[in-house]
$ cat data_23.cif   # mmCIF, C-alpha atoms
data_final
loop_
_atom_site.label_atom_id
_atom_site.label_comp_id
_atom_site.auth_asym_id
_atom_site.auth_seq_id
_atom_site.Cartn_x
_atom_site.Cartn_y
_atom_site.Cartn_z
CA MET A 1 -103.34 -15.11 -118.73
CA TYR A 2 -103.19 -11.39 -117.94
CA TRP A 3 -99.96 -11.28 -115.92
CA SER A 4 -96.58 -12.92 -116.28
CA TRP A 5 -94.13 -13.33 -113.43
CA ARG A 6 -90.50 -12.62 -114.24
CA PRO A 7 -87.27 -12.08 -112.33
CA THR A 8 -85.69 -8.63 -112.44
CA PRO A 9 -82.41 -7.58 -110.80
CA GLU A 10 -83.80 -4.11 -110.05
CA SER A 11 -86.39 -5.48 -107.59
CA ARG A 12 -85.97 -6.36 -103.93
CA PHE A 13 -88.18 -9.39 -104.65
CA ARG A 14 -87.31 -12.53 -106.59
CA GLU A 15 -90.04 -11.83 -109.18
CA VAL A 16 -92.29 -9.00 -110.32
CA ALA A 17 -95.61 -9.12 -112.19
CA GLU A 18 -95.83 -7.71 -115.73
CA LEU A 19 -99.18 -6.93 -117.30
CA ARG A 20 -99.56 -8.56 -120.70
CA THR A 21 -102.68 -7.18 -122.41
CA VAL A 22 -106.05 -6.24 -120.90
CA ASN A 23 -108.77 -3.72 -121.55
CA TRP A 24 -109.55 -3.27 -117.82
CA LEU A 25 -107.24 -3.28 -114.82
CA GLU A 26 -107.81 -3.78 -111.11
CA ILE A 27 -105.04 -4.05 -108.51
CA GLU A 28 -106.00 -4.52 -104.87
CA GLY A 29 -104.01 -5.06 -101.69
CA LYS A 30 -105.13 -5.65 -98.11
CA ILE A 31 -103.36 -5.28 -94.77
CA ARG A 32 -104.51 -5.39 -91.14
CA THR A 33 -103.75 -2.34 -89.01
CA GLY A 34 -102.86 -4.58 -86.06
CA ILE A 35 -99.38 -5.19 -87.51
CA LEU A 36 -98.71 -1.44 -87.89
CA THR A 37 -97.54 1.07 -85.29
CA PRO A 38 -100.48 2.64 -83.40
CA ASN A 39 -101.25 6.37 -83.54
CA THR A 40 -99.44 6.77 -86.84
CA ALA A 41 -100.51 8.22 -90.20
CA TYR A 42 -99.66 5.94 -93.13
CA GLY A 43 -99.54 6.27 -96.89
CA ALA A 44 -100.02 3.43 -99.36
CA TYR A 45 -98.09 3.46 -102.64
CA LEU A 46 -98.22 1.28 -105.73
CA ILE A 47 -94.58 0.56 -106.63
CA MET A 48 -94.36 0.10 -110.38
CA ASN A 49 -92.41 0.57 -113.54
CA VAL A 50 -93.20 0.62 -117.23
CA SER A 51 -91.56 -1.77 -119.70
CA HIS A 52 -90.12 -0.53 -122.99
CA ARG A 53 -93.07 -2.14 -124.83
CA ALA A 54 -95.78 -0.51 -122.66
CA TYR A 55 -98.89 0.92 -124.31
CA GLY A 56 -102.27 2.35 -123.35
CA LEU A 57 -101.25 3.30 -119.80
CA ASP A 58 -101.69 7.04 -120.29
CA SER A 59 -104.99 6.95 -122.22
CA ALA A 60 -107.35 7.30 -119.27
CA PRO A 61 -106.69 7.92 -115.56
CA SER A 62 -107.10 5.13 -113.04
CA GLU A 63 -109.19 5.45 -109.90
CA VAL A 64 -107.25 5.04 -106.64
CA SER A 65 -108.79 4.53 -103.23
CA ILE A 66 -108.23 3.45 -99.63
CA VAL A 67 -111.04 1.88 -97.62
CA VAL A 68 -110.69 1.39 -93.84
CA GLY A 69 -112.75 -1.29 -92.14
CA LYS A 70 -116.08 -2.21 -93.69
CA ASN A 71 -116.59 0.80 -95.96
CA ARG A 72 -115.06 4.03 -94.64
CA VAL A 73 -113.45 5.55 -97.71
CA GLN A 74 -110.39 7.54 -96.64
CA ARG A 75 -109.44 8.82 -100.07
CA ARG A 76 -110.61 8.58 -103.62
CA GLY A 77 -108.64 10.09 -106.47
CA LYS A 78 -107.26 9.54 -109.96
CA ALA A 79 -103.81 8.85 -111.36
CA TYR A 80 -102.22 8.12 -114.71
CA LEU A 81 -100.09 4.96 -114.87
CA ASP A 82 -97.50 6.46 -117.21
CA LEU A 83 -96.03 9.83 -118.00
CA LYS A 84 -97.03 11.47 -121.27
CA ASP A 85 -94.57 10.88 -124.11
CA ASP A 86 -95.14 13.13 -127.13
CA LYS A 87 -93.59 10.75 -129.66
CA LYS A 88 -95.58 7.79 -128.34
CA SER A 89 -98.77 9.87 -128.20
CA LYS A 90 -98.40 10.76 -131.89
CA MET A 91 -98.00 7.08 -132.84
CA GLU A 92 -101.00 6.04 -130.73
CA THR A 93 -103.05 8.80 -132.35
CA LEU A 94 -102.45 7.18 -135.72
CA PHE A 95 -103.82 3.87 -134.45
CA TYR A 96 -106.45 4.96 -131.93
CA ARG A 97 -107.51 8.46 -133.09
CA ASN A 98 -111.29 8.09 -132.69
CA ARG A 99 -111.09 5.93 -129.55
CA ARG A 100 -108.63 8.33 -127.85
CA GLU A 101 -110.80 11.35 -128.66
CA VAL A 102 -113.86 9.66 -127.13
CA LEU A 103 -111.87 8.75 -124.00
CA ARG A 104 -110.41 12.26 -123.71
CA ASN A 105 -113.88 13.80 -123.96
CA ARG A 106 -114.99 11.67 -120.99
CA VAL A 107 -112.00 12.72 -118.87
CA VAL A 108 -111.66 16.17 -117.27
CA GLU A 109 -108.30 17.85 -117.84
CA VAL A 110 -105.49 16.92 -115.43
CA GLU A 111 -105.16 20.40 -113.91
CA GLU A 112 -108.89 20.70 -113.23
CA GLU A 113 -109.27 17.38 -111.46
CA ASN A 114 -105.83 17.10 -109.82
CA ILE A 115 -104.95 13.77 -111.42
CA THR A 116 -101.56 12.54 -110.23
CA VAL A 117 -98.78 10.91 -112.24
CA PRO A 118 -96.13 8.40 -111.12
CA LEU A 119 -93.19 9.84 -109.20
CA LYS A 120 -89.68 8.54 -109.88
CA ARG A 121 -87.94 7.02 -106.84
CA GLU A 122 -84.24 6.86 -106.02
CA ASP A 123 -84.27 3.07 -106.43
CA GLY A 124 -85.32 3.35 -110.11
CA TRP A 125 -88.97 2.39 -109.56
CA MET A 126 -91.95 4.74 -109.71
CA GLU A 127 -94.75 5.15 -107.18
CA ILE A 128 -98.36 6.26 -107.25
CA GLU A 129 -99.98 7.26 -103.97
CA LEU A 130 -103.15 5.21 -103.48
CA GLY A 131 -104.14 7.13 -100.34
CA GLU A 132 -103.51 7.61 -96.66
CA PHE A 133 -105.04 6.49 -93.39
CA PHE A 134 -104.54 6.89 -89.66
CA ASN A 135 -103.92 3.83 -87.47
CA GLY A 136 -105.47 4.53 -84.06
CA GLU A 137 -104.59 3.17 -80.62
CA ASP A 138 -106.32 -0.21 -80.45
CA ASP A 139 -107.40 -0.65 -84.06
CA ASP A 140 -107.19 -3.92 -85.96
CA GLU A 141 -109.11 -3.13 -89.09
CA GLU A 142 -108.62 -4.21 -92.66
CA ILE A 143 -107.20 -1.60 -95.02
CA LYS A 144 -108.09 -2.12 -98.68
CA MET A 145 -105.89 -0.28 -101.20
CA LYS A 146 -107.08 -0.24 -104.79
CA LEU A 147 -106.26 0.99 -108.29
CA MET A 148 -108.83 0.45 -111.04
CA GLU A 149 -108.91 1.53 -114.68
CA VAL A 150 -111.83 0.51 -116.84
CA GLY A 151 -111.44 2.79 -119.84
CA TYR A 152 -111.67 -0.25 -122.13
CA GLN A 153 -108.48 0.84 -123.86
CA LEU A 154 -106.01 -1.99 -124.47
CA LYS A 155 -103.02 -1.65 -122.20
CA GLY A 156 -99.93 -3.64 -121.31
CA GLY A 157 -96.34 -3.40 -120.10
CA LEU A 158 -97.09 -2.27 -116.54
CA VAL A 159 -94.59 -3.86 -114.13
CA ILE A 160 -95.72 -4.17 -110.50
CA GLU A 161 -93.27 -4.66 -107.63
CA GLY A 162 -95.95 -4.38 -104.93
CA ILE A 163 -97.81 -2.02 -102.63
CA GLU A 164 -95.76 -0.24 -99.98
CA VAL A 165 -97.34 0.97 -96.74
CA ARG A 166 -95.16 3.44 -94.84
CA PRO A 167 -95.52 6.18 -92.22
CA ARG A 168 -96.31 9.58 -93.67
CA GLN A 169 -93.55 12.17 -93.59
CA ILE A 170 -94.22 14.70 -90.85
CA GLN A 171 -92.86 18.21 -91.30
CA SER A 172 -90.56 18.27 -88.27
CA THR A 173 -87.04 17.37 -87.23
CA HIS A 174 -88.14 13.82 -86.35
CA HIS A 175 -87.90 11.19 -89.08
CA SER A 176 -89.99 8.05 -89.36
CA ASP A 177 -88.34 4.71 -88.78
CA PRO A 178 -87.64 3.04 -92.18
CA THR A 179 -87.91 -0.38 -90.51
CA ASN A 180 -91.61 0.41 -90.05
CA THR A 181 -92.24 0.15 -93.83
CA LYS A 182 -94.37 -2.81 -94.92
CA MET A 183 -94.06 -4.05 -98.51
CA PHE A 184 -96.01 -6.89 -99.98
CA MET A 185 -96.72 -8.42 -103.35
#
$ encode --input "data_23.cif" --output "structure tokens"
Amino acid sequence: MYWSWRPTPESRFREVAELRTVNWLEIEGKIRTGILTPNTAYGAYLIMNVSHRAYGLDSAPSEVSIVVGKNRVQRRGKAYLDLKDDKKSKMETLFYRNRREVLRNRVVEVEEENITVPLKREDGWMEIELGEFFNGEDDDEEIKMKLMEVGYQLKGGLVIEGIEVRPRQIQSTHHSDPTNTKMFM
């Protein structure tokens, strides 16, 4: 059993999923564009948090992607699942020194590859952008949103609230309608 479901008062849902322990991670969500507003640019975000006993989430970046329809990749990128913590990094170095060095040598530095980190939200959760897509006029295609990390480093303590699909912010005086946000678990 890789995930456990537990209630949390901080969530808008009755339960959230907490990752126990795995050495690979794959989270995927799907939505049909037919239920979204036409002619609108959308972003997809993994809404998550990190428990106090989390480990291994900042060892190697995860791959994030959005695929529209059969196989049109809209975006492919990388993101860390946790922010770097110097004290925790020193402790992990004691336990995983050789393994961490091998993983680090396989990963290009964050600045060079533009690897993102979770952003803190006003509601206390964090979000990682999985990608963006444009919903055309008469489209009804499947959108596949994915996060995958296969660094074979043990990890646990990731808490998932869901994937949020919302209109992209446009730099103008018009604001998007918050009722147009779709959230699913």
$ residues_around --input "data_23.cif" --residues "Pro38 of chain A" --least-positions-apart "2" --cutoff "6 Å" --atoms "all atoms listed in the file" --output "mmCIF file with C-alpha atoms, keeping the file's coordinate frame"
data_model
loop_
_atom_site.group_PDB
_atom_site.id
_atom_site.type_symbol
_atom_site.label_atom_id
_atom_site.label_comp_id
_atom_site.auth_asym_id
_atom_site.auth_seq_id
_atom_site.Cartn_x
_atom_site.Cartn_y
_atom_site.Cartn_z
ATOM 1 C CA THR A 40 -99.440 6.770 -86.840
ATOM 2 C CA ASN A 135 -103.920 3.830 -87.470
ATOM 3 C CA GLY A 136 -105.470 4.530 -84.060
ATOM 4 C CA GLU A 137 -104.590 3.170 -80.620
#
$ closest_residue --input "data_23.cif" --among "A:Leu130, A:Ala60, A:Leu46, A:Ala17" --to "Val73 of chain A" --atoms "all atoms listed in the file"
A:Leu130
$ closest_residue --input "data_23.cif" --among "A:Glu15, A:Glu161, A:Glu28, A:Glu63" --to "Met145 of chain A" --atoms "only C-alpha atoms"
A:Glu28
$ closest_residue --input "data_23.cif" --among "A:Thr116, A:Asn49, A:Asn71, A:Gln153" --to "Glu129 of chain A" --atoms "only C-alpha atoms"
A:Thr116
$ atom_distance --input "data_23.cif" --atom1 "atom CA of Gly162 of chain A" --atom2 "atom CA of Met126 of chain A"
11.0 Å
$ resolve_selection --input "data_23.cif" --expression "the PyMOL selection byres ((chain A and resi 81) around 6)" --output "number ranges by chain"
A: 57, 80, 82
$ residues_around --input "data_23.cif" --residues "Asp58 of chain A" --least-positions-apart "3" --cutoff "10 Å" --atoms "all atoms listed in the file" --output "VMD selection string"
chain A and resid 54 to 55 61 to 62 79 to 85 89 117 153 155
$ write_last_selection --input "data_23.cif" --atoms "C-alpha atoms" --output "PDB file, keeping the file's coordinate frame"
ATOM      1  CA  ALA A  54     -95.780  -0.510-122.660  1.00  0.00           C
ATOM      2  CA  TYR A  55     -98.890   0.920-124.310  1.00  0.00           C
ATOM      3  CA  PRO A  61    -106.690   7.920-115.560  1.00  0.00           C
ATOM      4  CA  SER A  62    -107.100   5.130-113.040  1.00  0.00           C
ATOM      5  CA  ALA A  79    -103.810   8.850-111.360  1.00  0.00           C
ATOM      6  CA  TYR A  80    -102.220   8.120-114.710  1.00  0.00           C
ATOM      7  CA  LEU A  81    -100.090   4.960-114.870  1.00  0.00           C
ATOM      8  CA  ASP A  82     -97.500   6.460-117.210  1.00  0.00           C
ATOM      9  CA  LEU A  83     -96.030   9.830-118.000  1.00  0.00           C
ATOM     10  CA  LYS A  84     -97.030  11.470-121.270  1.00  0.00           C
ATOM     11  CA  ASP A  85     -94.570  10.880-124.110  1.00  0.00           C
ATOM     12  CA  SER A  89     -98.770   9.870-128.200  1.00  0.00           C
ATOM     13  CA  VAL A 117     -98.780  10.910-112.240  1.00  0.00           C
ATOM     14  CA  GLN A 153    -108.480   0.840-123.860  1.00  0.00           C
ATOM     15  CA  LYS A 155    -103.020  -1.650-122.200  1.00  0.00           C
TER      16      LYS A 155
END
